[in-house]
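Peer 1: Input structure: upload-v5.txt, which contains compact mmCIF, C-alpha atoms.
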```txt
# COMPACT_ATOMS: atom_id res chain seq x y z
CA MET A 1 -1.14 -9.39 3.74
CA ALA A 2 0.01 -5.95 4.91
CA THR A 3 -2.48 -3.26 3.86
CA TRP A 4 -2.55 0.54 3.78
CA ARG A 5 -5.13 3.06 2.57
CA SER A 6 -4.05 5.91 0.28
CA GLU A 7 -6.20 8.84 -0.80
CA VAL A 8 -4.23 9.08 -4.07
CA TRP A 9 -2.91 6.67 -6.68
CA PRO A 10 -0.42 6.55 -8.18
CA ILE A 11 1.77 7.93 -5.42
CA GLU A 12 3.97 10.52 -7.11
CA ARG A 13 4.87 12.75 -4.15
CA PRO A 14 5.27 12.31 -0.37
CA THR A 15 1.94 11.06 0.96
CA VAL A 16 0.44 9.96 4.28
CA LEU A 17 -1.05 6.45 4.39
CA LYS A 18 -3.27 4.79 6.96
CA ARG A 19 -2.22 1.29 8.02
CA LEU A 20 -5.15 -1.12 8.07
CA ARG A 21 -5.28 -4.53 9.66
CA ASP A 22 -3.74 -7.29 7.60
CA HIS A 23 -6.01 -8.69 4.89
CA ARG A 24 -6.50 -12.15 3.47
CA ARG A 25 -5.00 -12.96 0.06
CA LEU A 26 -8.55 -13.05 -1.31
CA TYR A 27 -8.40 -9.26 -1.52
CA LEU A 28 -5.65 -9.39 -4.17
CA GLU A 29 -8.37 -10.06 -6.75
CA TYR A 30 -11.60 -9.04 -5.00
CA GLU A 31 -13.64 -5.94 -5.85
CA GLY A 32 -16.93 -5.05 -4.24
CA PRO A 33 -18.60 -4.36 -0.91
CA VAL A 34 -17.07 -5.23 2.45
CA SER A 35 -19.31 -6.91 5.05
CA ASP A 36 -21.14 -4.94 7.75
CA ARG A 37 -21.29 -1.81 5.54
CA ARG A 38 -17.60 -1.04 6.09
CA GLY A 39 -17.10 0.27 2.57
CA ALA A 40 -15.93 -1.24 -0.67
CA VAL A 41 -12.76 -2.61 -2.26
CA GLN A 42 -11.60 -1.15 -5.55
CA ARG A 43 -8.49 -2.41 -7.33
CA VAL A 44 -6.49 0.42 -8.83
CA THR A 45 -3.57 -1.64 -10.14
CA ASP A 46 -1.94 -5.02 -10.05
CA GLY A 47 1.43 -6.45 -10.82
CA GLU A 48 4.62 -7.64 -9.18
CA CYS A 49 6.71 -6.07 -6.45
CA GLU A 50 9.76 -6.72 -4.30
CA VAL A 51 9.47 -5.94 -0.59
CA GLU A 52 12.28 -5.28 1.89
CA VAL A 53 11.58 -4.51 5.55
CA GLY A 54 14.57 -2.85 7.17
CA GLU A 55 15.56 -1.26 10.45
CA ASN A 56 12.99 0.84 12.33
CA SER A 57 10.19 -0.78 10.31
CA VAL A 58 11.15 1.06 7.11
CA TRP A 59 9.60 -0.70 4.13
CA LYS A 60 11.01 -0.45 0.60
CA ILE A 61 8.57 -1.65 -2.00
CA LYS A 62 9.75 -1.81 -5.60
CA LEU A 63 6.85 -1.90 -8.03
CA ILE A 64 8.34 -3.79 -10.97
CA SER A 65 5.34 -3.97 -13.26
CA GLY A 66 4.98 -0.25 -13.86
CA ALA A 67 6.57 1.86 -16.55
CA PRO A 68 8.98 2.97 -15.28
CA PRO A 69 9.39 0.87 -12.12
CA VAL A 70 9.19 2.93 -8.93
CA THR A 71 10.29 2.32 -5.34
CA LEU A 72 8.12 3.45 -2.45
CA VAL A 73 9.89 4.04 0.88
CA MET A 74 7.45 3.80 3.79
CA ARG A 75 8.06 4.82 7.41
CA PRO A 76 5.73 4.59 10.41
CA MET A 77 4.80 7.97 11.91
CA GLY A 78 2.64 6.72 14.75
CA GLU A 79 0.08 4.06 15.56
CA ALA A 80 -1.62 3.91 12.16
CA GLU A 81 -0.10 6.68 10.04
CA TRP A 82 2.80 6.07 7.67
CA SER A 83 4.69 8.38 5.34
CA VAL A 84 5.51 7.16 1.86
CA HIS A 85 8.04 8.73 -0.50
CA PRO A 86 8.42 7.60 -4.13
CA ARG A 87 11.91 7.24 -5.61
```
Would you mind giving the structure from this file in structure tokens?

Peer 2:
Amino acid sequence: MATWRSEVWPIERPTVLKRLRDHRRLYLEYEGPVSDRRGAVQRVTDGECEVEVGENSVWKIKLISGAPPVTLVMRPMGEAEWSVHPR
């Protein structure tokens, strides 16, 4: 499961994300500490989305459960940093 860290939620303006290593599906419902004192997992939302990965690794993620639905356009900026722009 592709995973990014955001300092803000919801994302309402252009924001920089940090790409994390892929996570197991377990983390879709898990909240609590991460092993080896690496922090904690906190769920800030849930719901359904549609994902499209296009040219140059540009991701379009449509969050369909929100009111109103929003699309996040994500582009890699380097090794681990990504820019995200809501539409």

Peer 1: Show me, as a PyMOL selection string, the residues that have an atom within 8 Å of Trp59 (chain A) when counting all atoms listed in the file, minus same-chain residues fewer than 2 positions from it.

Peer 2: chain A and resi 51-54+57+61+72-75

Peer 1: Emit the selected residues as a PDB file, in the frame of the given file, including C-alpha atoms.

Peer 2:
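Output (out33.pdb):
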```pdb
ATOM      1  CA  VAL A  51       9.470  -5.940  -0.590  1.00  0.00           C
ATOM      2  CA  GLU A  52      12.280  -5.280   1.890  1.00  0.00           C
ATOM      3  CA  VAL A  53      11.580  -4.510   5.550  1.00  0.00           C
ATOM      4  CA  GLY A  54      14.570  -2.850   7.170  1.00  0.00           C
ATOM      5  CA  SER A  57      10.190  -0.780  10.310  1.00  0.00           C
ATOM      6  CA  ILE A  61       8.570  -1.650  -2.000  1.00  0.00           C
ATOM      7  CA  LEU A  72       8.120   3.450  -2.450  1.00  0.00           C
ATOM      8  CA  VAL A  73       9.890   4.040   0.880  1.00  0.00           C
ATOM      9  CA  MET A  74       7.450   3.800   3.790  1.00  0.00           C
ATOM     10  CA  ARG A  75       8.060   4.820   7.410  1.00  0.00           C
TER      11      ARG A  75
END
```

Peer 1: Ser6 (chain A): which residues within 8 Å, counting all atoms listed in the file, same-chain residues fewer than 6 positions away excluded, as an mmCIF file with C-alpha atoms, in the frame of the given file?

Peer 2:
```cif
data_model
loop_
_atom_site.group_PDB
_atom_site.id
_atom_site.type_symbol
_atom_site.label_atom_id
_atom_site.label_comp_id
_atom_site.auth_asym_id
_atom_site.auth_seq_id
_atom_site.Cartn_x
_atom_site.Cartn_y
_atom_site.Cartn_z
ATOM 1 C CA THR A 15 1.940 11.060 0.960
ATOM 2 C CA VAL A 16 0.440 9.960 4.280
ATOM 3 C CA LEU A 17 -1.050 6.450 4.390
ATOM 4 C CA LYS A 18 -3.270 4.790 6.960
#
```

Peer 1: Give the answer as one residue: which of A:Glu55, A:Glu12, A:Thr3, A:Ala40 has the shortest atom-to-atom distance to Arg24 (chain A), using all atoms listed in the file?

Peer 2: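 Smallest separation from Arg24 (chain A) among the options: A:Thr3.
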
Peer 1: Find the distance between CA of Val58 (chain A) and CA of Arg43 (chain A) and write it in Å to one decimal.

Peer 2: 24.6 Å

Peer 1: So, with only C-alpha atoms as the atoms that count, which of A:Ala80, A:Val70, A:Val44, A:Cys49 lies closest to Arg21 (chain A)?

Peer 2: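 For Arg21 (chain A), the nearest of the given residues is A:Ala80.
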
Peer 1: For each of A:Gly66, A:Pro14, A:Met1, A:Ser83, take the minimum atom-to-atom distance to Tyr27 (chain A), counting all atoms listed in the file, then give the residue where this is smallest.

Peer 2: A:Met1

Peer 1: Please provide the set of residues having any atom within 7 Å of Ser65 (chain A), restricted to all atoms listed in the file, with same-chain residues fewer than 4 positions apart removed, written as a ChimeraX atom specification.

Peer 2: /A:47-48,69

Peer 1: So which one's closest to Arg19 (chain A), A:Lys60, A:Val34, A:Arg5, A:Gln42? Using only C-alpha atoms, please.

Peer 2: A:Arg5
